[in-house]
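Participant: Just passing along the structure, written as structure tokens.
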Amino acid sequence: QLWFLPALVFAVALVYALCRMGISTKVIFAFSVPLYIVGCAFHSFYKPLITLEFIDEFARGYYNIFGTTRNGIFFGFIYVALGALLATHSLKLKKNVAWLCLFASTAVMIIEVLIVEEFSVAPKGMGMYLSVFFVALFLFWISINTGFLSGLPDKPFKVLRKLSTYIYFSHTFFLYIFSDLSYNAEFFAAMVASVLFGFLIIGLQKISKLINLRK
């Protein structure tokens, strides 16, 4: 799961280079969309697409070299391109429309996940879905335009920032520990274990600070 950081670095570098070449953010984003669709297709919807021989040969050659489409070109590119596009062009939505779109896209995402899990034969992974893009888009728009989290105290968010870091770096270890379980049980066990581990580290940090203060 630690593919995220190199994917982000590559995607940021790619978008920056394209912008420096004078290519507009609209064109960059438009170019990232088909790459994202291809990435999802060869990841979560892998088996149905390789019935054609030339696609099968291309997919095998690609996976022999890169191993996954969860990288900066097929997955990270579209999200960084989206950020660049929103930074240069405003997306005008009514708040109630944005909330409605968020709930609708979340519902579609849940349905897509269930469909892929039930019917996709031999997927390369379960982490790339077409509907995630729309969930991210509307959630990001709401977070910066509605102020629905404004006025809340900073302390819980500071804890969540630390906790998310510890979860990110530890969850792969727990996935390995629980790898003998079924897919859903493995995910749930790793999630609970990484969250508890994160809180443990935060608690130990507080104890260490108290000890240092007493000295």
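Scheme for the structure tokens: letters A, B, ... for chains in order shown; per-chain residue numbers from 1; ligand numbers from 1 in order shown.
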Just want the 10 Å neighbourhood of Met191 of chain A, counted on only C-alpha atoms, with same-chain residues fewer than 4 positions away dropped. Output as a list of chain:residue names.

Facilitator: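 Contacts, with the query itself left out: A:Ile167, A:Ser170, A:His171, A:Thr172, A:Phe174, A:Leu175, A:Ala185, A:Glu186, A:Phe187, A:Val195, A:Leu196, A:Phe197.
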
Participant: Give me, as JSON, numbers by chain, all polymer residues having an atom no more than 10 Å from segment 87-89 of chain A, counting only C-alpha atoms and skipping those fewer than 6 positions away in the same chain.

Facilitator: {"A": [24, 25, 26, 81]}

Participant: Could you give me the residues within chain A that DSSP places in helix (DSSP H, G or I), as a tab-separated table (two decimals) with C-alpha atoms, in the first residue's frame?

Facilitator:
chain	number	residue	atom	x	y	z
A	4	PHE	CA	0.94	6.10	-2.75
A	5	LEU	CA	3.97	8.30	-1.99
A	6	PRO	CA	5.99	7.53	-5.16
A	7	ALA	CA	2.78	7.77	-7.18
A	8	LEU	CA	2.10	11.21	-5.72
A	9	VAL	CA	5.66	12.39	-6.37
A	10	PHE	CA	5.52	11.21	-9.98
A	11	ALA	CA	2.07	12.73	-10.59
A	12	VAL	CA	3.07	16.11	-9.14
A	13	ALA	CA	6.24	16.15	-11.23
A	14	LEU	CA	4.28	15.21	-14.36
A	15	VAL	CA	1.62	17.89	-13.91
A	16	TYR	CA	4.28	20.48	-13.09
A	17	ALA	CA	6.28	19.58	-16.20
A	18	LEU	CA	3.21	19.75	-18.44
A	19	CYS	CA	2.22	23.13	-16.98
A	20	ARG	CA	5.75	24.43	-17.56
A	25	THR	CA	-4.83	22.51	-16.88
A	26	LYS	CA	-7.99	21.66	-18.83
A	27	VAL	CA	-5.99	19.75	-21.43
A	28	ILE	CA	-3.89	18.06	-18.73
A	29	PHE	CA	-7.00	16.93	-16.90
A	30	ALA	CA	-8.65	15.73	-20.12
A	31	PHE	CA	-5.54	13.68	-20.87
A	32	SER	CA	-5.58	12.13	-17.37
A	33	VAL	CA	-9.18	10.87	-17.63
A	34	PRO	CA	-8.65	8.05	-20.17
A	35	LEU	CA	-5.50	6.98	-18.32
A	36	TYR	CA	-7.54	6.65	-15.12
A	37	ILE	CA	-10.20	4.62	-16.92
A	38	VAL	CA	-7.53	2.31	-18.36
A	39	GLY	CA	-5.94	1.97	-14.93
A	40	CYS	CA	-9.23	0.98	-13.34
A	41	ALA	CA	-10.03	-1.37	-16.20
A	46	TYR	CA	-8.98	-7.15	-15.20
A	47	LYS	CA	-10.32	-10.54	-16.27
A	48	PRO	CA	-13.24	-9.52	-18.54
A	49	LEU	CA	-10.92	-7.34	-20.64
A	53	GLU	CA	-5.63	-11.76	-27.31
A	54	PHE	CA	-3.90	-8.45	-28.08
A	55	ILE	CA	-5.19	-6.91	-24.82
A	56	ASP	CA	-4.05	-9.99	-22.90
A	57	GLU	CA	-0.54	-9.73	-24.39
A	58	PHE	CA	-0.34	-6.00	-23.62
A	59	ALA	CA	-1.56	-6.53	-20.05
A	60	ARG	CA	0.89	-9.36	-19.38
A	61	GLY	CA	3.78	-7.32	-20.75
A	62	TYR	CA	2.81	-4.30	-18.67
A	63	TYR	CA	2.35	-6.25	-15.42
A	64	ASN	CA	5.64	-8.10	-15.92
A	65	ILE	CA	7.40	-4.72	-15.81
A	66	PHE	CA	5.32	-2.50	-13.52
A	72	GLY	CA	1.45	8.03	-10.70
A	73	ILE	CA	0.42	7.78	-14.35
A	74	PHE	CA	-2.80	5.74	-14.13
A	75	PHE	CA	-4.03	6.61	-10.65
A	76	GLY	CA	-2.29	9.63	-9.13
A	77	PHE	CA	-2.24	11.71	-12.32
A	78	ILE	CA	-5.96	12.44	-12.46
A	79	TYR	CA	-6.19	13.62	-8.84
A	80	VAL	CA	-3.21	15.96	-9.09
A	81	ALA	CA	-4.53	17.19	-12.46
A	82	LEU	CA	-7.91	17.78	-10.80
A	83	GLY	CA	-6.25	19.85	-8.09
A	84	ALA	CA	-4.44	21.92	-10.70
A	85	LEU	CA	-7.67	22.41	-12.63
A	86	LEU	CA	-9.61	23.54	-9.55
A	87	ALA	CA	-6.78	25.89	-8.63
A	88	THR	CA	-7.10	27.67	-11.98
A	95	LYS	CA	-24.25	23.62	-1.77
A	96	ASN	CA	-27.32	21.39	-1.74
A	97	VAL	CA	-26.43	20.11	-5.22
A	98	ALA	CA	-22.87	19.34	-4.09
A	99	TRP	CA	-24.13	17.41	-1.05
A	100	LEU	CA	-26.61	15.52	-3.21
A	101	CYS	CA	-23.86	14.63	-5.69
A	102	LEU	CA	-21.62	13.47	-2.85
A	103	PHE	CA	-24.26	11.13	-1.42
A	104	ALA	CA	-25.16	9.85	-4.89
A	105	SER	CA	-21.55	9.20	-5.89
A	106	THR	CA	-20.90	7.48	-2.55
A	107	ALA	CA	-23.89	5.20	-3.14
A	108	VAL	CA	-22.62	4.41	-6.64
A	109	MET	CA	-19.17	3.69	-5.22
A	110	ILE	CA	-20.60	1.20	-2.72
A	111	ILE	CA	-22.54	-0.52	-5.51
A	112	GLU	CA	-19.45	-0.58	-7.73
A	113	VAL	CA	-17.34	-2.14	-4.96
A	114	LEU	CA	-19.96	-4.83	-4.35
A	115	ILE	CA	-20.25	-5.58	-8.07
A	116	VAL	CA	-16.47	-5.83	-8.53
A	117	GLU	CA	-16.09	-8.01	-5.44
A	118	GLU	CA	-18.90	-10.31	-6.56
A	119	PHE	CA	-18.43	-10.60	-10.31
A	130	LEU	CA	-14.25	4.78	-11.30
A	131	SER	CA	-16.71	6.29	-8.82
A	132	VAL	CA	-14.00	7.18	-6.28
A	133	PHE	CA	-13.03	10.12	-8.45
A	134	PHE	CA	-16.49	11.68	-8.13
A	135	VAL	CA	-16.59	11.09	-4.37
A	136	ALA	CA	-13.22	12.82	-4.05
A	137	LEU	CA	-14.30	15.70	-6.29
A	138	PHE	CA	-17.49	16.57	-4.41
A	139	LEU	CA	-15.99	15.93	-0.98
A	140	PHE	CA	-13.09	18.25	-1.80
A	141	TRP	CA	-15.43	20.94	-3.16
A	142	ILE	CA	-17.61	20.76	-0.04
A	143	SER	CA	-14.60	20.92	2.29
A	144	ILE	CA	-13.31	24.17	0.77
A	145	ASN	CA	-16.58	25.90	-0.11
A	155	LYS	CA	-7.18	19.34	18.87
A	156	PRO	CA	-9.16	16.41	17.37
A	157	PHE	CA	-7.79	17.18	13.92
A	158	LYS	CA	-4.22	17.24	15.22
A	159	VAL	CA	-4.79	13.79	16.71
A	160	LEU	CA	-6.35	12.56	13.46
A	161	ARG	CA	-3.39	13.84	11.44
A	162	LYS	CA	-0.98	11.88	13.62
A	163	LEU	CA	-3.26	8.84	13.67
A	164	SER	CA	-3.60	8.78	9.88
A	165	THR	CA	0.19	8.80	9.53
A	166	TYR	CA	0.63	5.83	11.86
A	167	ILE	CA	-2.19	3.94	10.14
A	168	TYR	CA	-0.64	4.60	6.74
A	169	PHE	CA	2.78	3.25	7.68
A	170	SER	CA	1.58	0.31	9.80
A	171	HIS	CA	-1.44	-1.13	7.98
A	172	THR	CA	0.66	-3.10	5.47
A	173	PHE	CA	2.35	-4.89	8.36
A	174	PHE	CA	-1.02	-5.85	9.85
A	175	LEU	CA	-2.35	-6.94	6.46
A	176	TYR	CA	0.59	-9.34	6.30
A	177	ILE	CA	-0.12	-10.63	9.82
A	183	TYR	CA	-10.50	-10.71	2.34
A	184	ASN	CA	-13.12	-8.85	4.39
A	185	ALA	CA	-11.89	-10.25	7.72
A	186	GLU	CA	-8.29	-9.40	6.81
A	187	PHE	CA	-9.24	-5.81	5.97
A	188	PHE	CA	-11.30	-5.34	9.15
A	189	ALA	CA	-8.65	-6.89	11.41
A	190	ALA	CA	-5.86	-4.82	9.86
A	191	MET	CA	-7.95	-1.65	10.14
A	192	VAL	CA	-8.70	-2.19	13.83
A	193	ALA	CA	-5.12	-3.20	14.62
A	194	SER	CA	-3.57	-0.21	12.82
A	195	VAL	CA	-5.97	2.23	14.51
A	196	LEU	CA	-5.20	0.77	17.94
A	197	PHE	CA	-1.50	0.85	17.14
A	198	GLY	CA	-1.79	4.52	16.18
A	199	PHE	CA	-3.54	5.42	19.43
A	200	LEU	CA	-0.90	3.44	21.34
A	201	ILE	CA	1.92	5.46	19.77
A	202	ILE	CA	0.10	8.74	20.45
A	203	GLY	CA	-0.45	7.68	24.06
A	204	LEU	CA	3.20	6.74	24.50
A	205	GLN	CA	4.23	10.11	23.09
A	206	LYS	CA	2.08	11.90	25.67
A	207	ILE	CA	3.56	9.80	28.48
A	208	SER	CA	7.07	10.57	27.24
A	209	LYS	CA	6.33	14.30	27.21
A	210	LEU	CA	4.97	14.14	30.79
A	211	ILE	CA	8.11	12.32	31.95
A	212	ASN	CA	10.32	14.90	30.27
A	213	LEU	CA	8.36	17.75	31.88
A	214	ARG	CA	8.81	16.21	35.33
